[in-house]
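Peer 1: Input start.cif, format and content: mmCIF, C-alpha atoms and all ligand atoms.
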data_run
#
loop_
_atom_site.group_PDB
_atom_site.id
_atom_site.type_symbol
_atom_site.label_atom_id
_atom_site.label_comp_id
_atom_site.auth_asym_id
_atom_site.auth_seq_id
_atom_site.Cartn_x
_atom_site.Cartn_y
_atom_site.Cartn_z
ATOM 1 C CA MET L 954 0.000 0.000 0.000
ATOM 2 C CA ARG L 955 2.775 2.377 0.914
ATOM 3 C CA ARG L 956 4.185 2.106 -2.587
ATOM 4 C CA ILE L 957 0.845 2.790 -4.243
ATOM 5 C CA ALA L 958 0.119 6.099 -2.533
ATOM 6 C CA PRO L 959 2.793 8.125 -4.376
ATOM 7 C CA LEU L 960 1.733 6.526 -7.618
ATOM 8 C CA ARG L 961 -1.838 7.590 -6.960
ATOM 9 C CA ARG L 962 -0.711 11.118 -6.193
ATOM 10 C CA MET L 963 1.240 11.196 -9.427
ATOM 11 C CA LEU L 964 -1.737 9.914 -11.354
ATOM 12 C CA SER L 965 -4.112 12.469 -9.902
ATOM 13 C CA ALA L 966 -1.597 15.256 -10.515
ATOM 14 C CA PHE L 967 -1.338 14.058 -14.097
ATOM 15 C CA ALA L 968 -5.145 13.950 -14.441
ATOM 16 C CA GLY L 969 -5.313 17.475 -13.008
ATOM 17 C CA LEU L 970 -2.755 18.643 -15.538
ATOM 18 C CA MET L 971 -4.713 17.026 -18.357
ATOM 19 C CA MET L 972 -7.938 18.671 -17.202
ATOM 20 C CA THR L 973 -6.206 22.036 -17.046
ATOM 21 C CA SER L 974 -4.790 21.695 -20.517
ATOM 22 C CA ILE L 975 -8.137 20.516 -21.929
ATOM 23 C CA GLY L 976 -9.747 23.530 -20.248
ATOM 24 C CA LEU L 977 -7.133 25.884 -21.659
ATOM 25 C CA GLY L 978 -7.455 24.269 -25.084
ATOM 26 C CA ALA L 979 -11.182 24.927 -25.183
ATOM 27 C CA ALA L 980 -10.764 28.512 -23.998
ATOM 28 C CA GLY L 981 -8.025 29.080 -26.561
ATOM 29 C CA ALA L 982 -10.225 27.821 -29.389
ATOM 30 C CA LEU L 983 -13.080 30.068 -28.277
ATOM 31 C CA ALA L 984 -10.861 33.102 -28.260
ATOM 32 C CA GLN L 985 -10.071 32.499 -31.925
ATOM 33 C CA ASP L 986 -12.837 31.304 -34.187
ATOM 34 C CA LEU L 987 -14.900 28.143 -34.235
ATOM 35 C CA PRO L 988 -15.485 26.920 -37.796
ATOM 36 C CA VAL L 989 -18.806 25.235 -37.128
ATOM 37 C CA VAL L 990 -20.883 25.133 -33.960
ATOM 38 C CA PRO L 991 -24.235 23.555 -33.094
ATOM 39 C CA TYR L 992 -27.160 25.935 -32.741
ATOM 40 C CA ARG L 993 -30.747 25.748 -31.517
ATOM 41 C CA ILE L 994 -33.681 27.198 -33.414
ATOM 42 C CA GLU L 995 -36.508 28.516 -31.228
ATOM 43 C CA SER L 996 -39.362 30.938 -31.917
ATOM 44 C CA GLY L 997 -38.222 31.489 -35.487
ATOM 45 C CA GLY L 998 -34.711 32.520 -34.504
ATOM 46 C CA ILE L 999 -31.393 31.568 -32.882
ATOM 47 C CA SER L 1000 -31.084 33.504 -29.656
ATOM 48 C CA ALA L 1001 -27.569 32.530 -28.548
ATOM 49 C CA PRO L 1002 -24.671 34.122 -30.459
ATOM 50 C CA LEU L 1003 -22.774 31.333 -32.242
ATOM 51 C CA GLY L 1004 -19.731 30.356 -30.207
ATOM 52 C CA GLY L 1005 -20.895 32.827 -27.554
ATOM 53 C CA ARG L 1006 -19.034 35.620 -29.263
ATOM 54 C CA GLN L 1007 -20.036 39.230 -29.954
ATOM 55 C CA GLY L 1008 -19.504 40.078 -33.633
ATOM 56 C CA ASP L 1009 -17.699 43.033 -35.149
ATOM 57 C CA ALA L 1010 -19.854 45.212 -37.417
ATOM 58 C CA GLY L 1011 -16.863 46.496 -39.441
ATOM 59 C CA ARG L 1012 -15.784 42.988 -40.343
ATOM 60 C CA GLY L 1013 -19.422 42.108 -41.023
ATOM 61 C CA ARG L 1014 -19.778 44.915 -43.567
ATOM 62 C CA LYS L 1015 -16.709 43.608 -45.422
ATOM 63 C CA LEU L 1016 -18.188 40.090 -45.519
ATOM 64 C CA VAL L 1017 -21.557 41.322 -46.791
ATOM 65 C CA THR L 1018 -20.011 43.291 -49.643
ATOM 66 C CA ASP L 1019 -17.333 40.679 -50.431
ATOM 67 C CA ARG L 1020 -17.921 39.276 -53.927
ATOM 68 C CA ARG L 1021 -16.259 35.934 -53.305
ATOM 69 C CA LYS L 1022 -17.148 35.026 -49.754
ATOM 70 C CA GLY L 1023 -20.392 36.531 -48.498
ATOM 71 C CA LEU L 1024 -21.833 37.095 -51.959
ATOM 72 C CA CYS L 1025 -24.871 38.720 -50.364
ATOM 73 C CA LEU L 1026 -25.016 41.426 -53.063
ATOM 74 C CA LEU L 1027 -25.478 38.812 -55.734
ATOM 75 C CA CYS L 1028 -29.104 38.726 -54.570
ATOM 76 C CA HIS L 1029 -29.561 41.623 -52.147
ATOM 77 C CA SER L 1030 -29.139 45.358 -52.386
ATOM 78 C CA GLY L 1031 -28.551 47.675 -49.453
ATOM 79 C CA PRO L 1032 -26.991 50.941 -48.284
ATOM 80 C CA PHE L 1033 -23.632 50.379 -49.990
ATOM 81 C CA PRO L 1034 -23.158 53.415 -52.253
ATOM 82 C CA GLU L 1035 -19.676 52.268 -53.309
ATOM 83 C CA GLU L 1036 -20.981 48.971 -54.704
ATOM 84 C CA ARG L 1037 -22.104 49.386 -58.310
ATOM 85 C CA PHE L 1038 -23.728 46.034 -58.862
ATOM 86 C CA GLN L 1039 -26.327 44.907 -56.388
ATOM 87 C CA GLY L 1040 -28.870 42.134 -56.667
ATOM 88 C CA ASP L 1041 -32.623 42.340 -56.963
ATOM 89 C CA LEU L 1042 -33.556 38.700 -56.343
ATOM 90 C CA ALA L 1043 -34.111 39.319 -52.639
ATOM 91 C CA PRO L 1044 -35.410 42.072 -50.328
ATOM 92 C CA SER L 1045 -33.069 45.015 -49.740
ATOM 93 C CA LEU L 1046 -31.004 44.766 -46.566
ATOM 94 C CA ALA L 1047 -31.566 48.494 -45.898
ATOM 95 C CA GLY L 1048 -33.332 48.949 -42.549
ATOM 96 C CA ILE L 1049 -33.304 45.193 -41.878
ATOM 97 C CA ALA L 1050 -32.730 45.695 -38.119
ATOM 98 C CA SER L 1051 -35.967 47.716 -37.937
ATOM 99 C CA ARG L 1052 -37.833 44.726 -39.370
ATOM 100 C CA LEU L 1053 -36.110 41.718 -37.803
ATOM 101 C CA THR L 1054 -34.556 41.012 -34.404
ATOM 102 C CA ALA L 1055 -30.916 39.853 -34.187
ATOM 103 C CA GLU L 1056 -32.231 36.344 -33.360
ATOM 104 C CA LYS L 1057 -34.246 36.193 -36.582
ATOM 105 C CA ILE L 1058 -31.465 37.705 -38.668
ATOM 106 C CA ARG L 1059 -29.032 35.109 -37.232
ATOM 107 C CA LEU L 1060 -31.285 32.199 -38.257
ATOM 108 C CA ARG L 1061 -31.817 33.597 -41.756
ATOM 109 C CA ILE L 1062 -28.081 33.684 -42.351
ATOM 110 C CA VAL L 1063 -27.295 30.376 -40.632
ATOM 111 C CA ASP L 1064 -30.006 28.493 -42.514
ATOM 112 C CA SER L 1065 -32.715 30.383 -44.384
ATOM 113 C CA THR L 1066 -34.197 27.060 -45.505
ATOM 114 C CA ALA L 1067 -35.298 26.509 -41.884
ATOM 115 C CA ILE L 1068 -37.859 29.270 -42.555
ATOM 116 C CA ASN L 1069 -38.504 28.743 -46.241
ATOM 117 C CA PRO L 1070 -37.482 25.283 -47.524
ATOM 118 C CA ALA L 1071 -37.548 26.627 -51.086
ATOM 119 C CA SER L 1072 -35.269 29.583 -50.244
ATOM 120 C CA LEU L 1073 -32.738 30.562 -52.870
ATOM 121 C CA MET L 1074 -30.466 31.862 -50.148
ATOM 122 C CA PRO L 1075 -27.598 29.485 -49.316
ATOM 123 C CA PRO L 1076 -27.495 28.140 -45.742
ATOM 124 C CA TYR L 1077 -24.323 29.874 -44.566
ATOM 125 C CA HIS L 1078 -23.715 27.765 -41.465
ATOM 126 C CA ARG L 1079 -25.544 24.489 -42.023
ATOM 127 C CA ILE L 1080 -23.439 21.584 -43.228
ATOM 128 C CA GLU L 1081 -25.803 18.621 -42.908
ATOM 129 C CA GLY L 1082 -28.215 17.589 -45.608
ATOM 130 C CA LEU L 1083 -26.596 19.564 -48.432
ATOM 131 C CA VAL L 1084 -26.443 18.134 -51.936
ATOM 132 C CA GLU L 1085 -23.868 18.667 -54.658
ATOM 133 C CA VAL L 1086 -21.253 20.251 -52.421
ATOM 134 C CA GLY L 1087 -17.816 20.553 -54.064
ATOM 135 C CA ALA L 1088 -15.087 18.476 -52.371
ATOM 136 C CA ALA L 1089 -13.252 21.560 -51.102
ATOM 137 C CA TRP L 1090 -16.340 22.773 -49.234
ATOM 138 C CA ARG L 1091 -17.547 19.506 -47.724
ATOM 139 C CA GLY L 1092 -17.899 19.598 -43.931
ATOM 140 C CA LYS L 1093 -17.200 23.333 -43.836
ATOM 141 C CA PRO L 1094 -19.781 26.061 -43.498
ATOM 142 C CA ILE L 1095 -19.639 29.029 -45.929
ATOM 143 C CA LEU L 1096 -19.226 31.369 -42.973
ATOM 144 C CA THR L 1097 -17.625 30.365 -39.665
ATOM 145 C CA ALA L 1098 -19.403 30.972 -36.355
ATOM 146 C CA GLY L 1099 -17.388 34.152 -35.835
ATOM 147 C CA GLU L 1100 -18.130 35.417 -39.338
ATOM 148 C CA ILE L 1101 -21.863 34.808 -38.854
ATOM 149 C CA GLU L 1102 -21.707 36.938 -35.693
ATOM 150 C CA ASP L 1103 -19.826 39.680 -37.571
ATOM 151 C CA VAL L 1104 -22.564 39.764 -40.230
ATOM 152 C CA VAL L 1105 -25.308 39.746 -37.555
ATOM 153 C CA ALA L 1106 -23.570 42.657 -35.773
ATOM 154 C CA PHE L 1107 -23.339 44.634 -39.016
ATOM 155 C CA LEU L 1108 -26.948 43.998 -40.106
ATOM 156 C CA GLY L 1109 -27.971 45.095 -36.588
ATOM 157 C CA THR L 1110 -26.707 48.592 -37.476
ATOM 158 C CA LEU L 1111 -28.987 48.885 -40.546
ATOM 159 C CA ARG L 1112 -32.037 50.722 -39.208
ATOM 160 C CA ASP L 1113 -34.595 52.871 -41.019
HETATM 161 C C1 LIG C 1 -28.675 33.391 -53.972
HETATM 162 C C2 LIG C 1 -29.367 34.532 -53.444
HETATM 163 C C3 LIG C 1 -29.060 35.032 -52.041
HETATM 164 C C4 LIG C 1 -27.842 35.236 -51.447
HETATM 165 C C5 LIG C 1 -26.464 34.992 -52.028
HETATM 166 C C6 LIG C 1 -28.124 35.778 -50.142
HETATM 167 N N1 LIG C 1 -29.475 35.883 -49.942
HETATM 168 FE FE1 LIG C 1 -30.408 36.608 -48.298
HETATM 169 N N2 LIG C 1 -32.193 36.185 -49.109
HETATM 170 C C7 LIG C 1 -32.400 35.706 -50.397
HETATM 171 C C8 LIG C 1 -33.833 35.596 -50.640
HETATM 172 C C9 LIG C 1 -34.483 35.128 -51.942
HETATM 173 C C10 LIG C 1 -34.483 36.030 -49.471
HETATM 174 C C11 LIG C 1 -36.001 36.138 -49.205
HETATM 175 C C12 LIG C 1 -36.480 35.060 -48.303
HETATM 176 C C13 LIG C 1 -36.280 33.686 -48.884
HETATM 177 O O1 LIG C 1 -36.708 33.426 -50.026
HETATM 178 O O2 LIG C 1 -35.654 32.880 -48.192
HETATM 179 C C14 LIG C 1 -33.408 36.380 -48.527
HETATM 180 C C15 LIG C 1 -33.642 36.855 -47.250
HETATM 181 C C16 LIG C 1 -32.669 37.403 -46.430
HETATM 182 C C17 LIG C 1 -32.929 38.072 -45.177
HETATM 183 C C18 LIG C 1 -34.307 38.362 -44.606
HETATM 184 C C19 LIG C 1 -34.786 39.588 -45.343
HETATM 185 C C20 LIG C 1 -36.142 40.111 -44.962
HETATM 186 O O3 LIG C 1 -36.439 41.286 -45.282
HETATM 187 O O4 LIG C 1 -36.928 39.344 -44.379
HETATM 188 C C21 LIG C 1 -31.725 38.482 -44.676
HETATM 189 C C22 LIG C 1 -31.452 39.237 -43.385
HETATM 190 C C23 LIG C 1 -30.714 38.047 -45.616
HETATM 191 N N3 LIG C 1 -31.335 37.389 -46.667
HETATM 192 C C24 LIG C 1 -29.367 38.282 -45.468
HETATM 193 C C25 LIG C 1 -28.404 37.818 -46.353
HETATM 194 C C26 LIG C 1 -26.987 37.973 -46.130
HETATM 195 C C27 LIG C 1 -26.361 38.711 -44.963
HETATM 196 C C28 LIG C 1 -26.357 37.346 -47.167
HETATM 197 C C29 LIG C 1 -24.896 37.145 -47.361
HETATM 198 C C30 LIG C 1 -24.128 36.597 -46.233
HETATM 199 C C31 LIG C 1 -27.390 36.820 -48.048
HETATM 200 N N4 LIG C 1 -28.610 37.118 -47.513
HETATM 201 C C32 LIG C 1 -27.154 36.130 -49.216
HETATM 202 C C33 LIG C 1 -31.438 35.395 -51.307
HETATM 203 C C34 LIG C 1 -30.079 35.440 -51.083
#
Could you quickly redo this structure as structure tokens?
Ligand code: HEC
Peer 2:
Amino acid sequence: MRRIAPLRRMLSAFAGLMMTSIGLGAAGALAQDLPVVPYRIESGGISAPLGGRQGDAGRGRKLVTDRRKGLCLLCHSGPFPEERFQGDLAPSLAGIASRLTAEKIRLRIVDSTAINPASLMPPYHRIEGLVEVGAAWRGKPILTAGEIEDVVAFLGTLRD
């Protein structure tokens, strides 16, 4: 028995160390960006910010007007005087925050097909149940959790 006690102490110290590093690992990942996170839809929206992170409206504006990544202006128009070509397949994003809460905006970007199964709008953060996804995009959302929050933060500034 006397020989086991130190071994036990070593083992529990080791377990403690492991727990600490797992804890730190998770916190470290949160501080950066989480590519894809689970979300819960309730009352027509997603109330919890994805990854628990507050978005940055400046970065969100860049994503919305980006022609390769966000591609929002392929279909939408909005208060972007510097953008010459804007879409007319979808409602204008101007004043969107006066019409929809952040929770509802978040769900529409994460997965607009949850509201309208026939939606033309791509599900920006859903990865299950997609068809004809190119190999390079499989298992990855179009926008990461952090990017979704940036877009939500920016759209939240668009009031009438
Ligand atoms: C391929 C076209 C397309 C793209 C790209 C697209 N959307 Fe949409 N979006 C739509 C359509 C169409 C609707 C109208 C509702 C529906 O049919 O789902 C819509 C609805 C919305 C709504 C709700 C508008 C309202 O007045 O109720 C928001 C917010 C929105 N989109 C934001 C975005 C953002 C932000 C992006 C880019 C990250 C984007 N959309 C990219 C087509 C698109």
Peer 1: So, counting all atoms listed in the file, which residue among L:Gly1099, L:Ser1072, L:Val1086, L:Thr1110 is closest to ligand LIG 1 (chain C)?
Peer 2: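 Of all the options, L:Ser1072 lies closest to ligand LIG 1 (chain C).
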Peer 1: Select the residues contacting ligand LIG 1 (chain C) at a distance of at most 6 Å, based on only C-alpha atoms and all ligand atoms, then format the selection as JSON, numbers by chain.
Peer 2: {"L": [1017, 1023, 1024, 1025, 1027, 1028, 1042, 1043, 1044, 1058, 1061, 1062, 1065, 1069, 1072, 1073, 1074]}
Peer 1: Keeping C-alpha atoms, export the residues of the selection given above as a PDB file, in the coordinates of the input.
Peer 2:
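This is the output file result05.pdb:
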ATOM      1  CA  VAL L1017     -21.557  41.322 -46.791  1.00  0.00           C
ATOM      2  CA  GLY L1023     -20.392  36.531 -48.498  1.00  0.00           C
ATOM      3  CA  LEU L1024     -21.833  37.095 -51.959  1.00  0.00           C
ATOM      4  CA  CYS L1025     -24.871  38.720 -50.364  1.00  0.00           C
ATOM      5  CA  LEU L1027     -25.478  38.812 -55.734  1.00  0.00           C
ATOM      6  CA  CYS L1028     -29.104  38.726 -54.570  1.00  0.00           C
ATOM      7  CA  LEU L1042     -33.556  38.700 -56.343  1.00  0.00           C
ATOM      8  CA  ALA L1043     -34.111  39.319 -52.639  1.00  0.00           C
ATOM      9  CA  PRO L1044     -35.410  42.072 -50.328  1.00  0.00           C
ATOM     10  CA  ILE L1058     -31.465  37.705 -38.668  1.00  0.00           C
ATOM     11  CA  ARG L1061     -31.817  33.597 -41.756  1.00  0.00           C
ATOM     12  CA  ILE L1062     -28.081  33.684 -42.351  1.00  0.00           C
ATOM     13  CA  SER L1065     -32.715  30.383 -44.384  1.00  0.00           C
ATOM     14  CA  ASN L1069     -38.504  28.743 -46.241  1.00  0.00           C
ATOM     15  CA  SER L1072     -35.269  29.583 -50.244  1.00  0.00           C
ATOM     16  CA  LEU L1073     -32.738  30.562 -52.870  1.00  0.00           C
ATOM     17  CA  MET L1074     -30.466  31.862 -50.148  1.00  0.00           C
TER      18      MET L1074
END
Peer 1: If I take atom CA of Arg1079 of chain L and atom CA of Ile1095 of chain L, how far is one from the other in Å, to one decimal?
Peer 2: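 Result for atom CA of Arg1079 of chain L versus atom CA of Ile1095 of chain L: 8.4 Å, one decimal.
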Peer 1: Can you pull out every residue within 12 Å of Leu1016 of chain L, counting all atoms listed in the file, but drop anything in the same chain fewer than 6 positions away, and send it as a PyMOL selection string?
Peer 2: chain L and resi 1008-1010+1022-1026+1077+1095-1097+1099-1108
Peer 1: Grab the atom CA of Arg1052 of chain L to atom CA of Pro991 of chain L distance for me, in Å with one decimal place.
Peer 2: 25.9 Å
Peer 1: Take atom CA of Gly1109 of chain L and atom CA of Asp1041 of chain L and report the distance between them in Å, one decimal.
Peer 2: 21.1 Å
Peer 1: Exactly which residues make up the result of the PyMOL selection byres (((chain L and resi 992-1006) around 6) and not hetatm) on this file, given as a PyMOL selection string?
Peer 2: chain L and resi 991+1007+1056-1057+1060+1098
Peer 1: Can you sort out segment 1063-1081 of chain L so it carries N, CA, C and O atoms, written as a JSON list (two decimals), keeping the file's coordinate frame?
Peer 2:
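The new file part-v4.json reads:
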[["chain", "number", "residue", "atom", "x", "y", "z"],
["L", 1063, "VAL", "N", -27.76, 31.74, -40.93],
["L", 1063, "VAL", "CA", -27.30, 30.38, -40.63],
["L", 1063, "VAL", "C", -27.97, 29.38, -41.56],
["L", 1063, "VAL", "O", -27.31, 28.54, -42.18],
["L", 1064, "ASP", "N", -29.28, 29.47, -41.69],
["L", 1064, "ASP", "CA", -30.01, 28.49, -42.51],
["L", 1064, "ASP", "C", -31.38, 29.04, -42.90],
["L", 1064, "ASP", "O", -32.36, 28.79, -42.21],
["L", 1065, "SER", "N", -31.43, 29.77, -44.00],
["L", 1065, "SER", "CA", -32.72, 30.38, -44.38],
["L", 1065, "SER", "C", -33.73, 29.32, -44.79],
["L", 1065, "SER", "O", -34.92, 29.56, -44.75],
["L", 1066, "THR", "N", -33.24, 28.11, -45.12],
["L", 1066, "THR", "CA", -34.20, 27.06, -45.50],
["L", 1066, "THR", "C", -34.98, 26.55, -44.30],
["L", 1066, "THR", "O", -35.96, 25.85, -44.45],
["L", 1067, "ALA", "N", -34.54, 26.89, -43.07],
["L", 1067, "ALA", "CA", -35.30, 26.51, -41.88],
["L", 1067, "ALA", "C", -36.61, 27.30, -41.85],
["L", 1067, "ALA", "O", -37.56, 26.90, -41.19],
["L", 1068, "ILE", "N", -36.65, 28.45, -42.53],
["L", 1068, "ILE", "CA", -37.86, 29.27, -42.56],
["L", 1068, "ILE", "C", -38.64, 29.03, -43.85],
["L", 1068, "ILE", "O", -39.84, 28.90, -43.85],
["L", 1069, "ASN", "N", -37.88, 28.97, -44.94],
["L", 1069, "ASN", "CA", -38.50, 28.74, -46.24],
["L", 1069, "ASN", "C", -37.70, 27.64, -46.95],
["L", 1069, "ASN", "O", -36.62, 27.90, -47.48],
["L", 1070, "PRO", "N", -38.24, 26.40, -46.95],
["L", 1070, "PRO", "CA", -37.48, 25.28, -47.52],
["L", 1070, "PRO", "C", -37.11, 25.52, -48.99],
["L", 1070, "PRO", "O", -36.15, 24.93, -49.47],
["L", 1071, "ALA", "N", -37.85, 26.38, -49.67],
["L", 1071, "ALA", "CA", -37.55, 26.63, -51.09],
["L", 1071, "ALA", "C", -36.64, 27.84, -51.26],
["L", 1071, "ALA", "O", -36.45, 28.32, -52.38],
["L", 1072, "SER", "N", -36.08, 28.36, -50.16],
["L", 1072, "SER", "CA", -35.27, 29.58, -50.24],
["L", 1072, "SER", "C", -34.11, 29.43, -51.21],
["L", 1072, "SER", "O", -33.45, 28.40, -51.27],
["L", 1073, "LEU", "N", -33.88, 30.50, -51.96],
["L", 1073, "LEU", "CA", -32.74, 30.56, -52.87],
["L", 1073, "LEU", "C", -31.46, 30.84, -52.11],
["L", 1073, "LEU", "O", -30.36, 30.63, -52.59],
["L", 1074, "MET", "N", -31.64, 31.40, -50.91],
["L", 1074, "MET", "CA", -30.47, 31.86, -50.15],
["L", 1074, "MET", "C", -29.69, 30.67, -49.59],
["L", 1074, "MET", "O", -30.27, 29.78, -48.98],
["L", 1075, "PRO", "N", -28.38, 30.62, -49.82],
["L", 1075, "PRO", "CA", -27.60, 29.48, -49.32],
["L", 1075, "PRO", "C", -27.58, 29.45, -47.79],
["L", 1075, "PRO", "O", -27.55, 30.50, -47.15],
["L", 1076, "PRO", "N", -27.61, 28.24, -47.20],
["L", 1076, "PRO", "CA", -27.50, 28.14, -45.74],
["L", 1076, "PRO", "C", -26.03, 28.36, -45.36],
["L", 1076, "PRO", "O", -25.20, 27.49, -45.61],
["L", 1077, "TYR", "N", -25.73, 29.51, -44.77],
["L", 1077, "TYR", "CA", -24.32, 29.87, -44.57],
["L", 1077, "TYR", "C", -23.62, 29.11, -43.45],
["L", 1077, "TYR", "O", -22.40, 29.12, -43.36],
["L", 1078, "HIS", "N", -24.41, 28.47, -42.56],
["L", 1078, "HIS", "CA", -23.72, 27.76, -41.46],
["L", 1078, "HIS", "C", -24.27, 26.36, -41.25],
["L", 1078, "HIS", "O", -23.97, 25.73, -40.24],
["L", 1079, "ARG", "N", -25.07, 25.87, -42.16],
["L", 1079, "ARG", "CA", -25.54, 24.49, -42.02],
["L", 1079, "ARG", "C", -24.65, 23.63, -42.89],
["L", 1079, "ARG", "O", -24.33, 24.00, -44.01],
["L", 1080, "ILE", "N", -24.25, 22.46, -42.38],
["L", 1080, "ILE", "CA", -23.44, 21.58, -43.23],
["L", 1080, "ILE", "C", -24.10, 20.24, -43.47],
["L", 1080, "ILE", "O", -23.71, 19.51, -44.35],
["L", 1081, "GLU", "N", -25.14, 19.92, -42.68],
["L", 1081, "GLU", "CA", -25.80, 18.62, -42.91],
["L", 1081, "GLU", "C", -26.87, 18.77, -43.99],
["L", 1081, "GLU", "O", -27.45, 19.82, -44.16]]
